[in-house]
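Structure first, commentary second.
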Amino acid sequence: MFDFFRKHTRVLQFLLVLLIFPSFVFFGIQGYSGFSGNENDTVAKVAGNKISRTEWEAAQRDQIERVRRQMPNVDAKLFDTPEMKRQSLDAVVRDRVMQAAAEKLNLNVSDDRLQRLFATDPQFAFLRNPDGSVNKDALAAQGMSSEMFARRLRQDLSQRQVTLGLAGSVFAPVGAAASALDAMFQQREIQVLRFDTKDSLDKVNPTDADLEKFYKDAAHAAQFQAPEQASIEYVVLDLATLKKGISVADKDLRDYYTANEKRYTVPEERRASHILIKAEAGATAAVRTAAKAKADALLIEVKKNPAGFADIARKNSDDPGSAEKGGDLDFFARGGIAAKPLEDAAFALKADEVSGVVESEFGYHIVKLTAVRGGQTRSFDSVRPELEAEVATQLAQKRFSEVAVEFTNMVYEQPDSLKPVVDKFKLELRTASNVQRTPLVGAPAASLALTSAKFLDALFGNDAIRNKRNTEAVEVAPSTMVSGRIVQYSAAQQLPLAQVKAKVRERVIAEQAAAVARKLGEARLASLKAAPETVMAEAAQKVSRAQPGSASGALLDAVLKAPADKLPAVIGVDLGDAGYAVVKLVKVLGRDPVVGDPAQAQAQYAQAWGEAESQAYYAALKTRLKVEIKPISALATTATTTPPGSAATK
């Protein structure tokens, strides 16, 4: 138990989240009614109810799509493994088990509780409108209606209750927790003697027979394979293509210009200077009267000497921001300054004209207009290229929505050639060679289709490969659809030995050198065990899970697992391709002080026990509900992870 706990401390909290939110967050709620179909279409049974292959494959596709939304360039091959397929099947089974248990235990959720959870839980914040109602657009983006979301959430809450009470009620005794935490966070003092593979490279010289044996070993075949690839042709339907066939009449352009004339008008801006005699709105009548009298006197002075406005402002204005600049406010448009009466006065003046005394909430102003710019409307001829591009884009967008449906139908209904859509929509038939399943990174815009994992999955679907048929129309970007077909296909194949001999030799040398290093290390280990009093020259170091130092990975695991009842102790650690290590365990120390709060560590320990109890309860439920799951090996012949709607599913 403690070894497991030590290995997985960083994932325990994540595992608990998986336990509590398995269906809603990750896999959704599938229907719980019985399914028709023959036994070959059944991949598992829960309480006598069948789980069909269709449901399992849908769960796999959902899993792929969720990951792709976060990592668009993820390699589709990562999902096409027995482990990933088993993971998705186990998730569907778990969902069914929890649903069946919730029904048997009558764990229902009231409407009030459902509404309260939705309104308060942070994980649903992106689905809430400001008034707390459901954001139907956000739900639609997730492929759900309000009713579907409420049903799934209700079922999810019911399922949570099956194990939540068990996991949340676990109590970890202080003594047991302390023992486990000591083992988990323990420090050990060690000496390490390494026998690195790189130090033995010059001691090996493999023969041709060695190379051939390594090359023919089935375990190494994947290292020397040429990936599957294809020569393809494809067509792209996008706005740029549709715009080429659109011409806009002069009258339509002029009508559009007239309707949008304001967009081609440069906003008028004015530059003004002012003198402020401060008298805020809350000032007494006497203060405001005195301020007004001072402003009137200054206005007379300005009228007598308009050229001296800046000097008068520097000496008398109460506006600290502009007084030192001679009252200059720089250029501003409508709504650009806080004092609206001042703004109105500036826009009513002519250049170099001075206003009368203007009252605002800040006091009394004298305004002088110093410059005017903007306000001109660009002529039709000067904006004609912009008008043509904009109107053509709008017409292309409208046409795209009409053409996309016809394009989609044509590539499906006439699957043996792309020529019909090329001729119909005046598209360019593009070609590419050496195309692989992995999306290109950093490809030019012209090769956008080859960066789309969705398009490449459709292209390498079973039907597209076997029958050389068109793929479905795939949207690879907004208003951009692609369909393609394979012209020539090469399956993954092992390369000839002569072609990869250098690579094989490199691998064999590394393997043989690791074996030499292992033999040297084992000999040193035997000598130390025979004479344990032998002093090792290597410096002692303290290691722990929190501070592994140079003893990371397999070496650290071996050090912390080693029996410490009799010290010093000597162990050997096989480091695989890296070589071998001989370790002397000198001392066992207390917990690493960097671990932090003991109370928090004890809470995490209790959480781990809760997880273990929940897993045990789930195993018992599977037995009680007579769960049957077919081995993945028996299902792999027809299982597919092709995304929905691809050519392979048609």
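By order of appearance in the structure tokens: chains A, B, ..., then residues from 1 within every chain, and ligands from 1 in the order shown.
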May I have the residues within 10 Å of Ala119 (chain A) as a VMD selection string, using only C-alpha atoms and disregarding those fewer than 2 positions away in the same chain?
chain A and resid 113 to 117 121 to 122 124 to 125 127 to 128 131 to 134
Would you give me, as a PyMOL selection string, the residues in region 325-381 of chain A that DSSP reads as helix (DSSP H, G or I)?
chain A and resi 325+340-348+380-381
Emit the selected residues as an mmCIF file, in the first residue's frame, including C-alpha atoms.
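Produced file result-v7.cif, reproduced below:
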data_model
loop_
_atom_site.group_PDB
_atom_site.id
_atom_site.type_symbol
_atom_site.label_atom_id
_atom_site.label_comp_id
_atom_site.auth_asym_id
_atom_site.auth_seq_id
_atom_site.Cartn_x
_atom_site.Cartn_y
_atom_site.Cartn_z
ATOM 1 C CA LYS A 325 0.782 74.931 -21.501
ATOM 2 C CA LYS A 340 -19.537 69.305 -22.188
ATOM 3 C CA PRO A 341 -20.291 73.091 -22.188
ATOM 4 C CA LEU A 342 -16.616 73.691 -22.994
ATOM 5 C CA GLU A 343 -16.778 71.113 -25.807
ATOM 6 C CA ASP A 344 -19.962 72.664 -27.223
ATOM 7 C CA ALA A 345 -18.359 76.093 -27.174
ATOM 8 C CA ALA A 346 -15.245 74.812 -28.995
ATOM 9 C CA PHE A 347 -17.333 73.178 -31.756
ATOM 10 C CA ALA A 348 -19.367 76.406 -32.179
ATOM 11 C CA PHE A 380 -16.266 57.352 -53.821
ATOM 12 C CA ASP A 381 -13.338 56.887 -56.220
#
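Residues in contact with Leu299 (chain A) at 7 Å, where only C-alpha atoms are counted and same-chain residues fewer than 4 positions away are skipped, are listed as Ala295, Lys303 and Ile366 of chain A.
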Using N, CA and C atoms, can you export the residues from the last selection as a PDB file, in the first residue's frame?
ATOM      1  N   ALA A 295     -13.817  85.915 -14.173  1.00  0.00           N
ATOM      2  CA  ALA A 295     -13.829  85.433 -15.551  1.00  0.00           C
ATOM      3  C   ALA A 295     -14.232  86.545 -16.514  1.00  0.00           C
ATOM      4  N   LYS A 303     -10.033  89.905 -24.919  1.00  0.00           N
ATOM      5  CA  LYS A 303     -10.571  90.567 -26.108  1.00  0.00           C
ATOM      6  C   LYS A 303      -9.636  91.704 -26.571  1.00  0.00           C
ATOM      7  N   ILE A 366     -13.100  80.433 -20.405  1.00  0.00           N
ATOM      8  CA  ILE A 366     -12.973  81.270 -21.599  1.00  0.00           C
ATOM      9  C   ILE A 366     -12.251  80.392 -22.612  1.00  0.00           C
TER      10      ILE A 366
END
DSSP on the backbone, strand (DSSP E) only: what residues of region 389-557 of chain A does that give? Format it as an MDAnalysis selection string.
chainID A and resid 430:435 474:477 480:490 493:494 541:543
Nearest candidate to Glu386 (chain A) (options A:Gly245, A:Val422, A:Gly363, A:Leu253; using only C-alpha atoms):
A:Leu253
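Within the 9 Å cut-off around region 277-283 of chain A, using only C-alpha atoms and omitting residues fewer than 6 positions from it on the same chain, the listed residues are A:Thr289, A:Ala290, A:Ala291, A:Lys292, A:Lys294, A:Ala295, A:Asn316, A:Ser317, A:Asp318, A:Asp319, A:Ser360, A:Glu361, A:Phe362, A:Gly363, A:Tyr364, A:His365, A:Ile366.
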So which residues touch Leu107 (chain A) within 8 Å, counting only C-alpha atoms, skipping near sequence neighbours fewer than 5 positions away, as a list in words?
Ala102, Ser158, Gln159, Gln161 and Val162 of chain A
Which residues, written as a ChimeraX atom specification, have at least one atom at most 9 Å from Ile312 (chain A), with only C-alpha atoms counted and residues fewer than 4 positions away on the same chain left out?
/A:275,298,301-302,308,316-317,326-327
Determine, counting only C-alpha atoms, which protein, DNA and RNA residues have an atom within 9 Å of an atom of Leu525 (chain A); residues of the same chain fewer than 6 positions away are not included. Present the result as a JSON list (two decimals) with C-alpha atoms, in the first residue's frame.
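Output contents, as saved in part_4.json:
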[["chain", "number", "residue", "atom", "x", "y", "z"],
["A", 570, "VAL", "CA", 23.99, -2.33, -0.79],
["A", 571, "ILE", "CA", 21.63, -2.71, -3.76],
["A", 572, "GLY", "CA", 21.97, -2.81, -7.53],
["A", 581, "ALA", "CA", 24.01, 1.74, -10.55],
["A", 582, "VAL", "CA", 25.34, 0.35, -7.29],
["A", 583, "VAL", "CA", 23.88, 2.12, -4.26]]
The distance between CA of Gly579 (chain A) and CA of Ala515 (chain A) is 7.5 Å
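Closest approach to Ala396 (chain A) from the set A:Leu237, A:Val287, A:Leu329, A:Val357 is made by A:Leu237, with distances taken over only C-alpha atoms.
The closest residue to Lys626 (chain A), picked from A:Pro593, A:Gly48, A:Pro267, A:Gly374 and counting only C-alpha atoms, is A:Gly48.
The two atoms in question, CA of Asp111 (chain A) and CA of Ser146 (chain A), are spaced 13.9 Å apart.
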